[in-house]
Each structure stands twice: as structure tokens, then as C-alpha cells.
>>> print(open('my_file.cif').read())   # mmCIF, C-alpha atoms and all ligand atoms
data_entry
#
loop_
_atom_site.label_atom_id
_atom_site.label_comp_id
_atom_site.auth_asym_id
_atom_site.auth_seq_id
_atom_site.Cartn_x
_atom_site.Cartn_y
_atom_site.Cartn_z
CA MET G 80 224.95 113.51 -24.66
CA SER G 81 222.56 115.55 -22.53
CA LEU G 82 219.69 117.40 -24.21
CA ALA G 83 221.03 120.74 -23.02
CA ARG G 84 224.30 120.24 -24.89
CA VAL G 85 222.65 120.00 -28.29
CA LYS G 86 222.29 123.58 -29.48
CA THR G 87 219.02 124.05 -31.32
CA VAL G 88 218.70 125.81 -34.66
CA THR G 89 215.22 127.26 -34.60
CA SER G 90 215.21 130.06 -37.13
CA ASN G 91 214.42 127.69 -39.97
CA VAL G 92 211.99 125.34 -38.25
CA ILE G 93 208.33 124.86 -39.06
CA ALA G 94 206.66 122.85 -36.28
CA ILE G 95 203.44 121.09 -37.29
CA ASP G 96 201.66 119.41 -34.38
CA GLY G 97 198.22 117.96 -33.86
CA PRO G 98 196.24 114.85 -32.98
CA ALA G 99 196.11 111.58 -34.96
CA GLY G 100 194.79 111.92 -38.50
CA SER G 101 194.68 115.72 -38.45
CA GLY G 102 196.64 115.77 -41.71
CA LYS G 103 200.19 116.37 -40.48
CA SER G 104 201.96 113.62 -42.38
CA THR G 105 200.18 114.46 -45.65
CA VAL G 106 200.59 118.22 -45.46
CA SER G 107 204.10 118.45 -43.94
CA PRO G 108 206.15 116.94 -46.82
CA LEU G 109 204.27 119.15 -49.31
CA VAL G 110 204.98 122.24 -47.21
CA ALA G 111 208.64 121.21 -46.96
CA GLU G 112 208.95 120.86 -50.72
CA LYS G 113 207.40 124.29 -51.33
CA VAL G 114 209.60 126.12 -48.84
CA GLY G 115 212.79 124.23 -49.74
CA LEU G 116 213.35 122.45 -46.43
CA GLU G 117 213.53 118.74 -45.58
CA HIS G 118 210.72 117.00 -43.71
CA LEU G 119 210.86 114.72 -40.65
CA ASP G 120 207.78 112.74 -39.55
CA THR G 121 208.61 112.25 -35.86
CA GLY G 122 205.65 109.88 -35.40
CA LEU G 123 207.51 107.34 -37.52
CA MET G 124 210.42 107.45 -35.06
CA TYR G 125 208.11 106.35 -32.22
CA ARG G 126 206.45 103.83 -34.52
CA VAL G 127 209.76 102.17 -35.49
CA ILE G 128 210.64 101.78 -31.81
CA ALA G 129 207.28 100.08 -31.19
CA TYR G 130 207.88 97.89 -34.27
CA GLY G 131 211.41 97.06 -33.11
CA CYS G 132 210.21 96.15 -29.59
CA LEU G 133 207.80 93.62 -31.12
CA ASP G 134 210.41 92.38 -33.60
CA GLN G 135 213.14 91.95 -30.97
CA GLN G 136 210.74 90.66 -28.30
CA ILE G 137 211.59 93.43 -25.84
CA GLU G 138 209.67 93.13 -22.56
CA THR G 139 207.10 95.87 -23.14
CA ASN G 140 206.04 95.91 -19.48
CA ASP G 141 209.56 96.98 -18.53
CA PRO G 142 210.00 100.75 -19.14
CA ALA G 143 213.78 100.55 -18.55
CA ALA G 144 214.12 97.84 -21.22
CA ILE G 145 212.20 99.97 -23.73
CA GLY G 146 214.38 102.97 -22.83
CA ARG G 147 217.59 100.96 -23.39
CA PHE G 148 216.24 99.71 -26.70
CA ALA G 149 215.52 103.30 -27.83
CA ASP G 150 219.10 104.30 -27.00
CA GLU G 151 220.53 101.47 -29.09
CA ILE G 152 218.18 101.17 -32.06
CA GLU G 153 219.59 102.28 -35.40
CA PHE G 154 217.20 103.39 -38.11
CA GLU G 155 216.90 106.07 -40.76
CA ALA G 156 213.77 108.01 -41.65
CA MET G 157 213.97 108.33 -45.44
CA GLY G 158 210.96 110.61 -46.09
CA ASN G 159 207.76 109.54 -47.86
CA GLY G 160 206.79 107.42 -44.87
CA VAL G 161 209.72 104.99 -45.27
CA VAL G 162 212.02 103.99 -42.42
CA GLU G 163 215.11 101.84 -43.01
CA TYR G 164 215.55 99.38 -40.16
CA GLU G 165 217.60 96.14 -40.05
CA GLY G 166 218.00 96.11 -43.83
CA GLN G 167 214.25 96.51 -44.47
CA SER G 168 212.31 99.46 -45.88
CA LEU G 169 209.31 99.72 -43.55
CA THR G 170 206.10 101.54 -44.49
CA SER G 171 202.76 99.78 -43.88
CA GLU G 172 204.49 97.59 -41.24
CA LEU G 173 204.67 100.72 -39.06
CA ARG G 174 200.91 101.28 -39.22
CA THR G 175 199.53 97.88 -38.18
CA PRO G 176 197.03 97.80 -35.27
CA GLU G 177 199.71 96.06 -33.11
CA VAL G 178 202.22 98.87 -33.67
CA SER G 179 199.52 101.56 -33.22
CA LYS G 180 198.54 99.96 -29.91
CA LEU G 181 202.08 99.82 -28.56
CA VAL G 182 203.25 103.19 -29.87
CA SER G 183 201.39 105.22 -27.21
CA VAL G 184 203.12 103.19 -24.47
CA VAL G 185 206.50 103.65 -26.09
CA ALA G 186 205.89 107.37 -26.67
CA ALA G 187 204.92 107.96 -23.02
CA ASN G 188 208.30 106.58 -21.87
CA GLU G 189 210.50 109.47 -20.75
CA ASP G 190 213.80 107.81 -21.70
CA VAL G 191 212.45 107.15 -25.19
CA ARG G 192 211.27 110.75 -25.57
CA ASN G 193 214.58 112.23 -24.41
CA GLU G 194 216.48 110.10 -26.91
CA MET G 195 214.11 110.87 -29.81
CA VAL G 196 214.14 114.61 -29.06
CA ARG G 197 217.95 114.50 -29.01
CA ARG G 198 217.97 112.80 -32.43
CA GLN G 199 215.39 115.26 -33.81
CA ARG G 200 217.51 118.23 -32.74
CA ILE G 201 220.63 116.72 -34.31
CA TRP G 202 218.65 116.06 -37.51
CA VAL G 203 217.66 119.74 -37.69
CA GLN G 204 221.11 120.99 -36.74
CA SER G 205 222.80 119.01 -39.50
CA ARG G 206 220.40 120.46 -42.09
CA GLY G 207 220.14 123.99 -40.77
CA GLY G 208 216.36 123.67 -40.34
CA GLY G 209 213.40 121.58 -41.40
CA VAL G 210 209.69 120.91 -41.27
CA LEU G 211 208.91 118.56 -38.38
CA ASP G 212 205.54 117.08 -37.60
CA GLY G 213 204.51 115.45 -34.35
CA ARG G 214 202.80 116.14 -31.04
CA ASP G 215 205.37 118.14 -29.09
CA ILE G 216 207.52 119.90 -31.69
CA GLY G 217 206.30 123.43 -30.90
CA THR G 218 206.11 122.87 -27.14
CA ALA G 219 209.14 120.71 -26.27
CA VAL G 220 211.46 119.95 -29.18
CA PHE G 221 211.65 123.43 -30.75
CA PRO G 222 209.80 125.85 -28.44
CA ASP G 223 211.45 128.72 -30.39
CA ALA G 224 210.44 127.47 -33.85
CA LYS G 225 209.82 130.38 -36.18
CA LEU G 226 206.44 129.04 -37.30
CA LYS G 227 204.20 126.77 -35.25
CA ILE G 228 201.06 125.21 -36.69
CA PHE G 229 198.52 123.13 -34.78
CA LEU G 230 196.23 121.09 -37.04
CA ILE G 231 192.87 119.82 -35.84
CA ALA G 232 189.88 118.10 -37.51
CA ASP G 233 186.65 116.39 -36.44
CA LEU G 234 187.18 112.84 -35.18
CA ASP G 235 184.78 111.50 -37.81
CA GLU G 236 186.68 113.05 -40.66
CA ARG G 237 190.04 111.97 -39.24
CA ALA G 238 188.83 108.34 -39.03
CA LYS G 239 187.46 108.48 -42.59
CA ARG G 240 190.77 109.79 -43.94
CA ARG G 241 192.63 106.96 -42.24
CA SER G 242 190.17 104.32 -43.45
CA GLN G 243 191.15 105.04 -47.05
CA ASP G 244 194.45 103.23 -46.59
CA SER G 245 193.41 100.64 -44.03
CA ALA G 246 191.43 97.39 -43.99
CA GLU G 247 189.91 98.29 -40.61
CA SER G 248 186.41 99.74 -40.17
CA VAL G 249 185.93 103.49 -39.70
CA GLU G 250 184.56 102.76 -36.20
CA ALA G 251 187.65 100.76 -35.18
CA ILE G 252 189.94 103.48 -36.52
CA ALA G 253 187.97 106.21 -34.72
CA ALA G 254 188.26 104.27 -31.45
CA ASP G 255 192.02 103.83 -31.92
CA ILE G 256 192.73 107.48 -32.68
CA ALA G 257 190.49 108.69 -29.84
CA ARG G 258 192.36 106.37 -27.46
CA ARG G 259 195.78 107.54 -28.69
CA ASP G 260 194.76 111.22 -28.46
CA LYS G 261 193.72 110.67 -24.85
CA VAL G 262 196.95 108.89 -23.88
CA ASP G 263 199.06 111.42 -25.82
CA SER G 264 197.31 114.39 -24.15
CA GLU G 265 197.38 112.96 -20.64
CA ARG G 266 200.95 111.63 -20.47
CA GLU G 267 203.35 113.50 -18.21
CA SER G 268 206.31 113.70 -20.55
CA MET G 269 205.90 116.16 -23.43
CA PRO G 270 202.13 115.70 -23.94
CA LEU G 271 200.15 116.55 -27.06
CA ARG G 272 199.35 120.23 -26.56
CA LYS G 273 198.94 123.36 -28.65
CA ALA G 274 201.74 125.82 -27.97
CA PRO G 275 200.30 129.21 -26.90
CA ASP G 276 201.90 130.85 -29.94
CA ALA G 277 200.87 128.16 -32.46
CA ILE G 278 198.42 128.97 -35.24
CA GLU G 279 195.49 126.55 -35.20
CA ILE G 280 194.09 125.36 -38.51
CA ASP G 281 190.91 123.28 -38.57
CA THR G 282 191.37 121.01 -41.61
CA THR G 283 187.82 119.58 -41.51
CA GLY G 284 186.43 120.04 -45.00
CA LEU G 285 189.62 121.64 -46.34
CA ALA G 286 191.50 120.19 -49.31
CA ILE G 287 195.16 119.24 -48.77
CA ASP G 288 196.30 121.99 -51.14
CA GLU G 289 194.36 124.62 -49.19
CA VAL G 290 196.06 123.67 -45.92
CA VAL G 291 199.49 123.59 -47.59
CA ALA G 292 198.90 126.99 -49.21
CA GLU G 293 197.85 128.53 -45.89
CA ILE G 294 200.98 127.33 -44.11
CA VAL G 295 203.30 128.34 -46.96
CA GLU G 296 201.73 131.81 -47.01
CA LYS G 297 202.32 132.25 -43.28
CA TRP G 298 205.94 131.14 -43.72
CA SER G 299 206.48 133.53 -46.66
CA LYS G 300 205.19 136.44 -44.60
CA LEU G 301 207.72 135.66 -41.88
CA ASN G 302 210.55 135.59 -44.39
CA VAL G 303 210.07 138.83 -46.33
O1 LIG Y 401 199.96 109.41 -38.07
P1 LIG Y 401 199.27 109.39 -36.75
O2 LIG Y 401 198.68 110.72 -36.44
O3 LIG Y 401 198.36 108.25 -36.56
O4 LIG Y 401 200.35 109.15 -35.65
P2 LIG Y 401 201.90 109.37 -35.79
O5 LIG Y 401 202.20 110.78 -36.10
O6 LIG Y 401 202.46 108.31 -36.66
O7 LIG Y 401 202.36 109.11 -34.29
C1 LIG Y 401 202.15 107.86 -33.66
C2 LIG Y 401 202.25 108.04 -32.17
O8 LIG Y 401 203.57 108.47 -31.82
C3 LIG Y 401 201.32 109.08 -31.55
O9 LIG Y 401 200.04 108.56 -31.23
C4 LIG Y 401 202.09 109.48 -30.30
O10 LIG Y 401 201.85 108.58 -29.25
C5 LIG Y 401 203.53 109.34 -30.72
N1 LIG Y 401 204.19 110.60 -31.06
C6 LIG Y 401 204.64 111.41 -30.02
O11 LIG Y 401 204.41 111.10 -28.87
N2 LIG Y 401 205.37 112.52 -30.28
C7 LIG Y 401 205.61 112.90 -31.54
N3 LIG Y 401 206.35 113.99 -31.75
C8 LIG Y 401 205.13 112.14 -32.61
C9 LIG Y 401 204.40 110.99 -32.34
#
>>> encode(input="my_file.cif", output="C-alpha cells")
Amino acid sequence: MSLARVKTVTSNVIAIDGPAGSGKSTVSPLVAEKVGLEHLDTGLMYRVIAYGCLDQQIETNDPAAIGRFADEIEFEAMGNGVVEYEGQSLTSELRTPEVSKLVSVVAANEDVRNEMVRRQRIWVQSRGGGVLDGRDIGTAVFPDAKLKIFLIADLDERAKRRSQDSAESVEAIAADIARRDKVDSERESMPLRKAPDAIEIDTTGLAIDEVVAEIVEKWSKLNV
């Protein structure tokens, strides 16, 4: 099915974009719960493709092979960071250094992006809305989303947050997220970018609850 044929439901969409470790996947499910919508972490969709490529020994130097794999792969994002794939519930497996290294390659592949965007739009359409976090939700997936948030934070703080649930050093994590931000911002297809009408929130030094409250307040004002 072509992208154009999937009608988008945008009135009930909160798009939360931003670079790695800016707080999207922590804040987004909490926002979703408060506003009564479901949450989709689109980063996990790209991560499960990278995981699947490694698992199925797909030739990762062959963009067409990765694209075909993305068309065929069956998985279900369950919320709370869990993805069901091939009878397994994947969580930490999607955040290994190997997957994090490959995910930027996979996510820069245009065929992969078109297929994931198609699935994200269907996901929203079948629920009548949702809170989606990613890199391109406000710019490419739902450019008419009712509320667009762009989260940022200092690289140092982002690396420290990530190091709390990782065995890697803060320096190694900082290098990985800086590398991914660069690739994500410079790729041709749907790059990481703040939509002109997105509200930027700098989460450096803010508590999770403060960020959630700010987003929920902005949503409430739009819905009075
Ligand atoms: O959680 P973290 O910020 O480390 O990354 P993620 O949200 O799990 O996304 C992993 C990777 O998927 C990113 O570095 C991007 O390359 C890609 N991604 C994307 O291209 N578009 C999205 N909407 C979401 C993720």
C-alpha cells in the first residue's frame, strides 16, 4: 500500500521528537497515560529491525536486502519497552551496542522508513490517535499533529541518564549518542529535525514529572 493511501488521523496525535537520550521514551508513556492515549516508541521499531537483521544474518551492506526484510518482518510493540518478535519478548536485547551501532544504518534506509511510517500511521488510525516518540514524527509521519514537542538536553546529561541502565562507560555512551545524532540529522530520508511549529523543551536539570506536567498542560490547553 502506498503511503499516500493511508489517511492520517492527526487531531489526536502528540508527536514527541528529539535526539538520543533526551527523555522521549521515559516521558512519552507517562504523558500518554495522563491524557488517555496509547504510546508508541518508534525507535523500538527501528531497533527490532536492526536486531532481526543480526539474528537472521541479513547482508547489512545490501540496502535492498534490509528493505525487503523490513517489509516482511512481523513484530508487535507492546509498550513499556517490550517488543514481541519470533516468540520472544525483547527489551535489553534491543539496546546492546551491536544493535545501537546498526540501527542508524537501518534507519537511514528509505525503504525501511517508508514501511515503518506506513505501520505507524496504521497504528494511529486503528486507535484514533496516540502519543508517538521518535525523530521524524512531527516533520514526516504526522506533520499535522495537534501538539508537537521537541526535547533536547546537554550531551553530558543524556549520556549520564543512559549510563544508569548500561554496563558501558559514560564516555562510550556519549560517543555513541553523538554519533547517532549526527547520522540521524544528516541522513537524506526523514532526518532528525525540529518541526518549525514544535515546542522545544530543554530537559537538562528537569525532573521527569516536570517535563510530563509541561506537556500535559500544553495538551489540556489545546483541548478546552
Ligand atoms: O532511545 P534512543 O534515543 O537511544 O534511540 P531510539 O529512540 O531507540 O532510536 C534508535 C534509533 O532509531 C535512532 O538513533 C534513529 O536512528 C532511529 N529512529 C529514527 O530514525 N526515527 C524514529 N522515528 C525513531 C528512531
>>> closest_atom_pairs(input="my_file.cif", of="chain G", to="ligand LIG 401 (chain Y)", cutoff="8 Å", atoms="all atoms listed in the file", output="CSV")
residue,atom,partner,partner_atom,distance
G:Asp96,CA,Y:LIG401,N3,7.6
G:Gly97,CA,Y:LIG401,O2,7.7
G:Pro98,CA,Y:LIG401,O2,5.9
G:Ala99,CA,Y:LIG401,O2,3.1
G:Gly100,CA,Y:LIG401,O2,4.6
G:Ser101,CA,Y:LIG401,O2,6.7
G:Gly102,CA,Y:LIG401,O2,7.6
G:Lys103,CA,Y:LIG401,O2,7.1
G:Ser104,CA,Y:LIG401,O1,6.3
G:Asp120,CA,Y:LIG401,O5,6.8
G:Thr121,CA,Y:LIG401,C8,4.8
G:Gly122,CA,Y:LIG401,C9,3.5
G:Leu123,CA,Y:LIG401,O6,5.2
G:Met124,CA,Y:LIG401,C8,7.5
G:Tyr125,CA,Y:LIG401,O8,5.0
G:Arg126,CA,Y:LIG401,C1,6.0
G:Arg174,CA,Y:LIG401,O6,7.6
G:Ser179,CA,Y:LIG401,C1,6.8
G:Val182,CA,Y:LIG401,C2,5.5
G:Ser183,CA,Y:LIG401,O10,4.0
G:Val184,CA,Y:LIG401,O10,7.3
G:Val185,CA,Y:LIG401,O10,7.5
G:Ala186,CA,Y:LIG401,O11,4.6
G:Ala187,CA,Y:LIG401,O11,6.7
G:Arg192,CA,Y:LIG401,O11,7.6
G:Asp212,CA,Y:LIG401,N3,6.7
G:Gly213,CA,Y:LIG401,N3,3.5
G:Arg214,CA,Y:LIG401,N3,4.2
G:Asp215,CA,Y:LIG401,N3,5.0
G:Ile216,CA,Y:LIG401,N3,6.0
G:Ile256,CA,Y:LIG401,O3,6.9
G:Arg259,CA,Y:LIG401,O9,5.1
G:Asp260,CA,Y:LIG401,O9,6.5
G:Val262,CA,Y:LIG401,O10,7.3
G:Asp263,CA,Y:LIG401,O10,5.3
G:Met269,CA,Y:LIG401,O11,7.6
G:Pro270,CA,Y:LIG401,O11,7.1
G:Leu271,CA,Y:LIG401,O11,7.2
>>> atom_distance(input="my_file.cif", atom1="atom CA of G:Glu250", atom2="atom CA of G:Ser268")
28.9 Å
>>> atom_distance(input="my_file.cif", atom1="atom CA of G:Asp190", atom2="atom CA of G:Lys261")
20.5 Å
>>> atom_distance(input="my_file.cif", atom1="atom CA of G:Asp281", atom2="atom CA of G:Ala111")
19.7 Å
>>> closest_residue(input="my_file.cif", among="G:Leu169, G:Ile287, G:Met195, G:Val178", to="G:Glu151", atoms="only C-alpha atoms")
G:Met195
>>> closest_residue(input="my_file.cif", among="G:Thr283, G:Thr218, G:Gln167, G:Gln204", to="G:Ile95", atoms="all atoms listed in the file")
G:Thr218
>>> decode(input="my_file.cif", residues="stretch 264-278 of chain G", atoms="all heavy atoms", output="PDB file, in the first residue's frame")
ATOM      1  N   SER G 264      20.753  13.247  11.947  1.00  0.00           N
ATOM      2  CA  SER G 264      20.482  14.611  11.480  1.00  0.00           C
ATOM      3  C   SER G 264      20.902  14.801  10.026  1.00  0.00           C
ATOM      4  O   SER G 264      20.334  15.630   9.323  1.00  0.00           O
ATOM      5  CB  SER G 264      21.252  15.647  12.305  1.00  0.00           C
ATOM      6  OG  SER G 264      21.063  15.415  13.659  1.00  0.00           O
ATOM      7  N   GLU G 265      21.908  14.022   9.613  1.00  0.00           N
ATOM      8  CA  GLU G 265      22.463  14.258   8.272  1.00  0.00           C
ATOM      9  C   GLU G 265      21.886  13.345   7.199  1.00  0.00           C
ATOM     10  O   GLU G 265      22.146  13.556   6.018  1.00  0.00           O
ATOM     11  CB  GLU G 265      23.992  14.115   8.312  1.00  0.00           C
ATOM     12  CG  GLU G 265      24.637  15.249   9.105  1.00  0.00           C
ATOM     13  CD  GLU G 265      26.140  15.113   9.241  1.00  0.00           C
ATOM     14  OE1 GLU G 265      26.695  14.083   8.800  1.00  0.00           O
ATOM     15  OE2 GLU G 265      26.757  16.044   9.799  1.00  0.00           O
ATOM     16  N   ARG G 266      21.107  12.320   7.602  1.00  0.00           N
ATOM     17  CA  ARG G 266      20.582  11.418   6.566  1.00  0.00           C
ATOM     18  C   ARG G 266      19.581  12.167   5.687  1.00  0.00           C
ATOM     19  O   ARG G 266      18.970  13.147   6.119  1.00  0.00           O
ATOM     20  CB  ARG G 266      19.943  10.186   7.211  1.00  0.00           C
ATOM     21  CG  ARG G 266      18.665  10.492   7.925  1.00  0.00           C
ATOM     22  CD  ARG G 266      17.937   9.243   8.396  1.00  0.00           C
ATOM     23  NE  ARG G 266      16.792   9.641   9.171  1.00  0.00           N
ATOM     24  CZ  ARG G 266      16.526   9.249  10.405  1.00  0.00           C
ATOM     25  NH1 ARG G 266      17.303   8.398  11.016  1.00  0.00           N
ATOM     26  NH2 ARG G 266      15.453   9.687  11.026  1.00  0.00           N
ATOM     27  N   GLU G 267      19.423  11.648   4.450  1.00  0.00           N
ATOM     28  CA  GLU G 267      18.535  12.337   3.500  1.00  0.00           C
ATOM     29  C   GLU G 267      17.069  12.079   3.795  1.00  0.00           C
ATOM     30  O   GLU G 267      16.219  12.955   3.663  1.00  0.00           O
ATOM     31  CB  GLU G 267      18.838  11.863   2.082  1.00  0.00           C
ATOM     32  CG  GLU G 267      19.960  12.672   1.478  1.00  0.00           C
ATOM     33  CD  GLU G 267      20.263  12.259   0.061  1.00  0.00           C
ATOM     34  OE1 GLU G 267      19.334  11.832  -0.649  1.00  0.00           O
ATOM     35  OE2 GLU G 267      21.433  12.374  -0.302  1.00  0.00           O
ATOM     36  N   SER G 268      16.763  10.822   4.181  1.00  0.00           N
ATOM     37  CA  SER G 268      15.367  10.450   4.336  1.00  0.00           C
ATOM     38  C   SER G 268      14.880  10.747   5.761  1.00  0.00           C
ATOM     39  O   SER G 268      15.363  10.161   6.724  1.00  0.00           O
ATOM     40  CB  SER G 268      15.225   8.961   4.011  1.00  0.00           C
ATOM     41  OG  SER G 268      13.895   8.569   4.098  1.00  0.00           O
ATOM     42  N   MET G 269      13.941  11.662   5.862  1.00  0.00           N
ATOM     43  CA  MET G 269      13.288  11.991   7.132  1.00  0.00           C
ATOM     44  C   MET G 269      14.281  12.189   8.279  1.00  0.00           C
ATOM     45  O   MET G 269      14.255  11.463   9.280  1.00  0.00           O
ATOM     46  CB  MET G 269      12.275  10.901   7.504  1.00  0.00           C
ATOM     47  CG  MET G 269      11.323  10.543   6.382  1.00  0.00           C
ATOM     48  SD  MET G 269      10.244   9.152   6.824  1.00  0.00           S
ATOM     49  CE  MET G 269       9.781   8.514   5.217  1.00  0.00           C
ATOM     50  N   PRO G 270      15.185  13.167   8.176  1.00  0.00           N
ATOM     51  CA  PRO G 270      16.200  13.353   9.223  1.00  0.00           C
ATOM     52  C   PRO G 270      15.624  13.846  10.545  1.00  0.00           C
ATOM     53  O   PRO G 270      14.492  14.329  10.591  1.00  0.00           O
ATOM     54  CB  PRO G 270      17.121  14.418   8.621  1.00  0.00           C
ATOM     55  CG  PRO G 270      16.266  15.165   7.675  1.00  0.00           C
ATOM     56  CD  PRO G 270      15.258  14.196   7.133  1.00  0.00           C
ATOM     57  N   LEU G 271      16.452  13.719  11.591  1.00  0.00           N
ATOM     58  CA  LEU G 271      16.112  14.280  12.899  1.00  0.00           C
ATOM     59  C   LEU G 271      16.110  15.801  12.762  1.00  0.00           C
ATOM     60  O   LEU G 271      17.141  16.380  12.421  1.00  0.00           O
ATOM     61  CB  LEU G 271      17.170  13.858  13.919  1.00  0.00           C
ATOM     62  CG  LEU G 271      17.237  14.651  15.243  1.00  0.00           C
ATOM     63  CD1 LEU G 271      15.966  14.433  16.067  1.00  0.00           C
ATOM     64  CD2 LEU G 271      18.455  14.239  16.060  1.00  0.00           C
ATOM     65  N   ARG G 272      14.957  16.410  12.992  1.00  0.00           N
ATOM     66  CA  ARG G 272      14.849  17.858  12.826  1.00  0.00           C
ATOM     67  C   ARG G 272      13.658  18.357  13.650  1.00  0.00           C
ATOM     68  O   ARG G 272      12.645  17.684  13.747  1.00  0.00           O
ATOM     69  CB  ARG G 272      14.598  18.164  11.348  1.00  0.00           C
ATOM     70  CG  ARG G 272      14.870  19.594  10.974  1.00  0.00           C
ATOM     71  CD  ARG G 272      15.294  19.714   9.526  1.00  0.00           C
ATOM     72  NE  ARG G 272      16.605  19.083   9.263  1.00  0.00           N
ATOM     73  CZ  ARG G 272      17.032  18.701   8.073  1.00  0.00           C
ATOM     74  NH1 ARG G 272      16.273  18.851   7.023  1.00  0.00           N
ATOM     75  NH2 ARG G 272      18.239  18.170   7.932  1.00  0.00           N
ATOM     76  N   LYS G 273      13.806  19.557  14.191  1.00  0.00           N
ATOM     77  CA  LYS G 273      12.680  20.144  14.923  1.00  0.00           C
ATOM     78  C   LYS G 273      11.713  20.727  13.899  1.00  0.00           C
ATOM     79  O   LYS G 273      12.133  21.482  13.022  1.00  0.00           O
ATOM     80  CB  LYS G 273      13.217  21.238  15.851  1.00  0.00           C
ATOM     81  CG  LYS G 273      12.157  22.014  16.591  1.00  0.00           C
ATOM     82  CD  LYS G 273      12.835  23.052  17.490  1.00  0.00           C
ATOM     83  CE  LYS G 273      11.853  23.975  18.141  1.00  0.00           C
ATOM     84  NZ  LYS G 273      11.146  24.878  17.243  1.00  0.00           N
ATOM     85  N   ALA G 274      10.451  20.367  14.012  1.00  0.00           N
ATOM     86  CA  ALA G 274       9.445  20.970  13.123  1.00  0.00           C
ATOM     87  C   ALA G 274       9.327  22.452  13.487  1.00  0.00           C
ATOM     88  O   ALA G 274       9.451  22.806  14.665  1.00  0.00           O
ATOM     89  CB  ALA G 274       8.106  20.262  13.313  1.00  0.00           C
ATOM     90  N   PRO G 275       9.094  23.336  12.509  1.00  0.00           N
ATOM     91  CA  PRO G 275       9.025  24.770  12.814  1.00  0.00           C
ATOM     92  C   PRO G 275       7.977  25.094  13.879  1.00  0.00           C
ATOM     93  O   PRO G 275       8.153  26.018  14.667  1.00  0.00           O
ATOM     94  CB  PRO G 275       8.627  25.407  11.475  1.00  0.00           C
ATOM     95  CG  PRO G 275       8.906  24.375  10.439  1.00  0.00           C
ATOM     96  CD  PRO G 275       8.885  23.038  11.088  1.00  0.00           C
ATOM     97  N   ASP G 276       6.898  24.304  13.919  1.00  0.00           N
ATOM     98  CA  ASP G 276       5.834  24.580  14.882  1.00  0.00           C
ATOM     99  C   ASP G 276       5.918  23.700  16.137  1.00  0.00           C
ATOM    100  O   ASP G 276       4.966  23.626  16.917  1.00  0.00           O
ATOM    101  CB  ASP G 276       4.449  24.439  14.220  1.00  0.00           C
ATOM    102  CG  ASP G 276       4.283  23.108  13.507  1.00  0.00           C
ATOM    103  OD1 ASP G 276       5.300  22.401  13.297  1.00  0.00           O
ATOM    104  OD2 ASP G 276       3.144  22.748  13.159  1.00  0.00           O
ATOM    105  N   ALA G 277       7.064  23.047  16.345  1.00  0.00           N
ATOM    106  CA  ALA G 277       7.212  22.232  17.565  1.00  0.00           C
ATOM    107  C   ALA G 277       7.642  23.118  18.732  1.00  0.00           C
ATOM    108  O   ALA G 277       8.334  24.116  18.547  1.00  0.00           O
ATOM    109  CB  ALA G 277       8.257  21.134  17.339  1.00  0.00           C
ATOM    110  N   ILE G 278       7.226  22.716  19.932  1.00  0.00           N
ATOM    111  CA  ILE G 278       7.622  23.439  21.147  1.00  0.00           C
ATOM    112  C   ILE G 278       8.862  22.748  21.706  1.00  0.00           C
ATOM    113  O   ILE G 278       8.833  21.541  21.981  1.00  0.00           O
ATOM    114  CB  ILE G 278       6.486  23.408  22.191  1.00  0.00           C
ATOM    115  CG1 ILE G 278       5.236  24.079  21.608  1.00  0.00           C
ATOM    116  CG2 ILE G 278       6.913  24.070  23.498  1.00  0.00           C
ATOM    117  CD1 ILE G 278       3.979  23.805  22.392  1.00  0.00           C
TER     118      ILE G 278
END
